[in-house]
Every structure is written in structure tokens, then in C-alpha cells.
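Single-structure report; data block below.
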Amino acid sequence: MPGMPQYTASRSSHDDRHSATGTADEDEMAWGPTHPCFPHPNPHVSTTSALYRTTRIIRVQRDWLVAGDLYPALQNMYPEILAEWVSEKEFRELIETINGMLEKAFSPLTTRAVVDGWLSVLTGSLWDDAGFAGSKAGVKRLEKWMDAWNKRKREQNNEVRLVPLRRTGFLNLDIQIPDPEIDVPFEDGPQLAVPEAAHL
């Protein structure tokens with residue numbers, strides 16, 4: 001489609017698997033909400049707020065091939081649209097860190113998970129309800145780490161932000177960026193003309 005952005009999503013050099021959608025080459029994906037670089041409206045703020053008008057969300061999808069339903073893991077496919085705010089190297093380190101913390105928090109195969117399970121049964125779930133389970137402590141550590149990452153970006157005058165994974169049900173990582181003002185094709189509505197200068 002003429003005038004549409006040519007963003008791509010690059011895989012890790014050691015990962016030649018197909019994505020969860022079964023697409024082998026993300027560069028050939030049609031531009032739209034399923035594309036890794038698509039800037040979604042921000043669902044985490046009020047629709048009447050300034051942030052809703054000035055920010056967009058880039059979604060990093062869950063990678064079901066890593067552990068299936070055992071624990072959440074995110075795809076390490078780099079959305080090129082993030083280049084102005086997060087480098088590819090930093091993105092891969094970010095995903096590697098988050099995936100490691102998610103595995104530690106949620107994997108049912110660890111000794112801590114087994115002990116937590118038995119203690120929850122023996123106490124009638126009071127152990128889990130009191131917040132002593134390793135999964136809850138792991139999520140708190142992850143959110144604290146993400147808060148520190150956001151704070152570091154603010155100190156660098158970088159407007160990118162990580163949205164807490166609990167807000168997306170651990171199904172994807174939402175990354176908030178300033179609105180890149182990219183034209184979006186609507187199937188049932190008008191299309192807006194986009195000047196070339198708006199493309200990153």
C-alpha cells in the first residue's frame with residue numbers, strides 16, 4: 001500500500017523458529033494490528049487524557065514455544081519502530097531479563113514452587129493468600145525492576161515506558177512510546193493522509 005511504513009521485525013540470530021502465528025518471515029506481514037511494529041492506541045490511560053492522544057503502545061507478544069502454559073515468556077523479535085527509544089541490543093537484553101524473572105517466578109518445576117504448593121495445601125491456601133508464595137514475591141521483584149528501568153529512561157529524557165505485565169494478564173508486554181503519527185489503514189473507516197516527514 002503506497003505511503004505505508006516499511007517497519008520490520010528482526011529475529012534473534014540464534015532463533016529461526018516460526019512465531020506463534022506460524023509466520024516464518026515477519027518482514028512480509030501485512031501492516032495492521034497484528035504487525036509487531038503496529039502503534040496501538042494506549043488502553044492504559046483515560047481516553048480523555050493527553051497521554052491517550054500523544055502516546056501509542058507497541059506490543060511484544062507472548063512466545064508460547066518457550067514453555068507453553070508452564071510460565072509466561074515473551075518473544076525476542078525486535079520491532080524496528082522502537083529504534084528511536086530502545087536499541088536492538090537493549091531490547092534483547094530487556095526481554096532476556098524479563099523472561100528469566102518470569103521463569104523464576106512462575107515455573108512449577110522449581111523446588112520453591114513445590115514447597116509453596118504443599119504449604120498452600122496444608123494451610124488451606126493461607127500461605128498463598130498471605131503473599132508468602134514465591135510467585136507473588138517474584139512478580140513484585142519484576143515490577144520493581146521494571147519501575148527502575150522506567151525511572152532510568154526518565155532520567156535520560158527518554159519517553160519510552162514499560163507497562164506492568166499484570167495489566168496485560170502476562171499475555172504481552174506493552175511498551176509506551178510517543179505517537180509516531182503513522183497512517184493506519186481502517187477497513188471500515190476513512191484513511192488519513194500522512195506526510196512523508198511523519199515516517200521514522
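By convention here, the chains of the C-alpha cells are called A, B, ... in the order presented, each chain's residues are numbered starting at 1, and ligands are numbered starting at 1 in the order presented.
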Leaving out region 92-96 of chain A and any residue of its chain fewer than 4 positions from it, which residues lie within 9 Å of it when counting only C-alpha atoms, given as an MDAnalysis selection string?
chainID A and resid 12 73:78 87:88 100:101
Shell around region 57-62 of chain A at 6 Å using only C-alpha atoms, local window under 4 positions removed, as a compact mmCIF listing (two decimals) with N, CA and C atoms, in the first residue's frame:
```
# COMPACT_ATOMS: atom_id res chain seq x y z
N PRO A 39 1.55 0.65 16.00
CA PRO A 39 1.34 1.50 17.19
C PRO A 39 -0.13 1.52 17.61
N HIS A 40 -0.46 0.75 18.64
CA HIS A 40 -1.84 0.66 19.12
C HIS A 40 -2.22 1.88 19.95
N ASN A 42 -3.37 3.73 23.21
CA ASN A 42 -2.96 3.38 24.58
C ASN A 42 -4.18 3.03 25.44
N ALA A 73 6.42 -16.25 28.78
CA ALA A 73 7.69 -15.84 28.17
C ALA A 73 7.36 -14.97 26.97
N LEU A 74 8.20 -13.97 26.70
CA LEU A 74 7.95 -13.01 25.64
C LEU A 74 8.83 -13.28 24.42
N GLN A 75 8.32 -12.96 23.24
CA GLN A 75 9.10 -13.08 22.02
C GLN A 75 10.25 -12.08 22.04
N LEU A 171 0.06 -11.68 29.04
CA LEU A 171 -0.09 -12.18 27.67
C LEU A 171 0.80 -11.44 26.69
N ASN A 172 1.21 -10.23 27.03
CA ASN A 172 2.14 -9.48 26.20
C ASN A 172 2.73 -8.35 27.03
N LEU A 173 3.86 -7.83 26.54
CA LEU A 173 4.49 -6.67 27.17
C LEU A 173 4.12 -5.44 26.35
N ASP A 174 3.45 -4.47 26.97
CA ASP A 174 3.11 -3.23 26.29
C ASP A 174 4.20 -2.20 26.57
N ILE A 175 4.73 -1.62 25.49
CA ILE A 175 5.76 -0.59 25.59
C ILE A 175 5.17 0.71 25.09
N GLN A 176 5.12 1.70 25.95
CA GLN A 176 4.54 3.01 25.60
C GLN A 176 5.59 3.91 24.98
```
DSSP on the backbone, strand (DSSP E or B) only: what residues of region 30-196 of chain A does that give? Format it as an NGL selection string.
:A and (40-41 or 55-62 or 74 or 78-79 or 161-162 or 172-178)
Would you output that residue set with C-alpha atoms, as a short mmCIF file (atom, residue, chain, number, x, y, z; two decimals), in the first residue's frame?
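again.cif was written with the following content:
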```cif
data_model
loop_
_atom_site.label_atom_id
_atom_site.label_comp_id
_atom_site.auth_asym_id
_atom_site.auth_seq_id
_atom_site.Cartn_x
_atom_site.Cartn_y
_atom_site.Cartn_z
CA HIS A 40 -1.84 0.66 19.12
CA PRO A 41 -3.94 3.29 20.91
CA THR A 55 1.25 8.08 23.09
CA ARG A 56 0.96 4.70 21.44
CA ILE A 57 1.61 1.12 22.53
CA ILE A 58 3.96 -1.37 20.87
CA ARG A 59 3.03 -4.91 21.85
CA VAL A 60 5.61 -7.65 22.40
CA GLN A 61 3.63 -10.86 22.17
CA ARG A 62 3.94 -13.89 24.42
CA LEU A 74 7.95 -13.01 25.64
CA TYR A 78 12.77 -6.68 17.74
CA PRO A 79 10.17 -4.15 16.48
CA ARG A 161 7.87 3.28 29.28
CA LEU A 162 7.20 -0.36 30.19
CA ASN A 172 2.14 -9.48 26.20
CA LEU A 173 4.49 -6.67 27.17
CA ASP A 174 3.11 -3.23 26.29
CA ILE A 175 5.76 -0.59 25.59
CA GLN A 176 4.54 3.01 25.60
CA ILE A 177 6.15 5.41 23.13
CA PRO A 178 5.29 8.89 21.80
#
```
note - CA of Arg166 (chain A) and CA of Lys136 (chain A) are separated by 11.4 Å
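One distance worth recording is that between CA of Trp31 (chain A) and CA of Val163 (chain A), which is 23.5 Å.
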Looking only at the backbone, which of the residues in region 62-135 of chain A does DSSP tag as helix (DSSP H, G or I), as a ChimeraX atom specification?
/A:64-67,80-84,88-106,111-122,126-129,134-135
Contact residues around Lys104 (chain A) with only C-alpha atoms at 12 Å, ignoring same-chain residues under 6 positions, as an mmCIF file with N, CA and C atoms, in the first residue's frame:
```
data_model
loop_
_atom_site.group_PDB
_atom_site.id
_atom_site.type_symbol
_atom_site.label_atom_id
_atom_site.label_comp_id
_atom_site.auth_asym_id
_atom_site.auth_seq_id
_atom_site.Cartn_x
_atom_site.Cartn_y
_atom_site.Cartn_z
ATOM 1 N N LEU A 70 3.390 -23.471 30.967
ATOM 2 C CA LEU A 70 4.095 -23.613 32.243
ATOM 3 C C LEU A 70 4.353 -22.260 32.892
ATOM 4 N N TYR A 71 4.842 -21.315 32.113
ATOM 5 C CA TYR A 71 5.079 -19.966 32.622
ATOM 6 C C TYR A 71 5.143 -19.006 31.438
ATOM 7 N N PRO A 72 4.865 -17.716 31.668
ATOM 8 C CA PRO A 72 4.882 -16.744 30.565
ATOM 9 C C PRO A 72 6.303 -16.480 30.071
ATOM 10 N N ALA A 73 6.420 -16.249 28.775
ATOM 11 C CA ALA A 73 7.692 -15.835 28.166
ATOM 12 C C ALA A 73 7.357 -14.965 26.971
ATOM 13 N N THR A 97 16.078 -10.509 30.331
ATOM 14 C CA THR A 97 15.945 -10.297 31.779
ATOM 15 C C THR A 97 14.525 -10.588 32.248
ATOM 16 N N ILE A 98 13.535 -10.047 31.538
ATOM 17 C CA ILE A 98 12.139 -10.266 31.929
ATOM 18 C C ILE A 98 11.769 -11.739 31.851
ATOM 19 N N THR A 110 10.322 -25.726 39.877
ATOM 20 C CA THR A 110 11.362 -25.366 40.847
ATOM 21 C C THR A 110 11.022 -25.934 42.229
ATOM 22 N N THR A 111 12.051 -26.076 43.046
ATOM 23 C CA THR A 111 11.841 -26.561 44.417
ATOM 24 C C THR A 111 10.920 -25.619 45.191
ATOM 25 N N ARG A 112 11.103 -24.303 44.977
ATOM 26 C CA ARG A 112 10.271 -23.324 45.684
ATOM 27 C C ARG A 112 8.803 -23.489 45.318
ATOM 28 N N ALA A 113 8.510 -23.767 44.055
ATOM 29 C CA ALA A 113 7.125 -23.932 43.623
ATOM 30 C C ALA A 113 6.489 -25.159 44.274
ATOM 31 N N GLY A 134 6.313 -17.907 46.354
ATOM 32 C CA GLY A 134 7.417 -17.385 45.553
ATOM 33 C C GLY A 134 6.956 -16.653 44.312
ATOM 34 N N SER A 135 5.819 -17.068 43.753
ATOM 35 C CA SER A 135 5.327 -16.415 42.539
ATOM 36 C C SER A 135 4.975 -14.954 42.803
ATOM 37 N N LYS A 136 4.345 -14.678 43.931
ATOM 38 C CA LYS A 136 3.974 -13.300 44.247
ATOM 39 C C LYS A 136 5.207 -12.455 44.534
ATOM 40 N N ALA A 137 6.162 -13.026 45.236
ATOM 41 C CA ALA A 137 7.403 -12.300 45.502
ATOM 42 C C ALA A 137 8.155 -12.049 44.195
ATOM 43 N N GLY A 138 8.110 -13.038 43.290
ATOM 44 C CA GLY A 138 8.786 -12.885 42.007
ATOM 45 C C GLY A 138 8.176 -11.790 41.157
ATOM 46 N N VAL A 139 6.839 -11.691 41.167
ATOM 47 C CA VAL A 139 6.166 -10.643 40.405
ATOM 48 C C VAL A 139 6.505 -9.272 40.983
ATOM 49 N N ARG A 141 9.271 -8.455 42.501
ATOM 50 C CA ARG A 141 10.649 -8.142 42.096
ATOM 51 C C ARG A 141 10.693 -7.680 40.647
ATOM 52 N N LEU A 142 9.917 -8.339 39.793
ATOM 53 C CA LEU A 142 9.879 -7.960 38.385
ATOM 54 C C LEU A 142 9.319 -6.556 38.215
#
```
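Among A:Glu90, A:Asp69, A:Glu84, A:Asp63, the residue with the shortest atom-to-atom distance to Pro180 (chain A), counting only C-alpha atoms, is A:Glu84.
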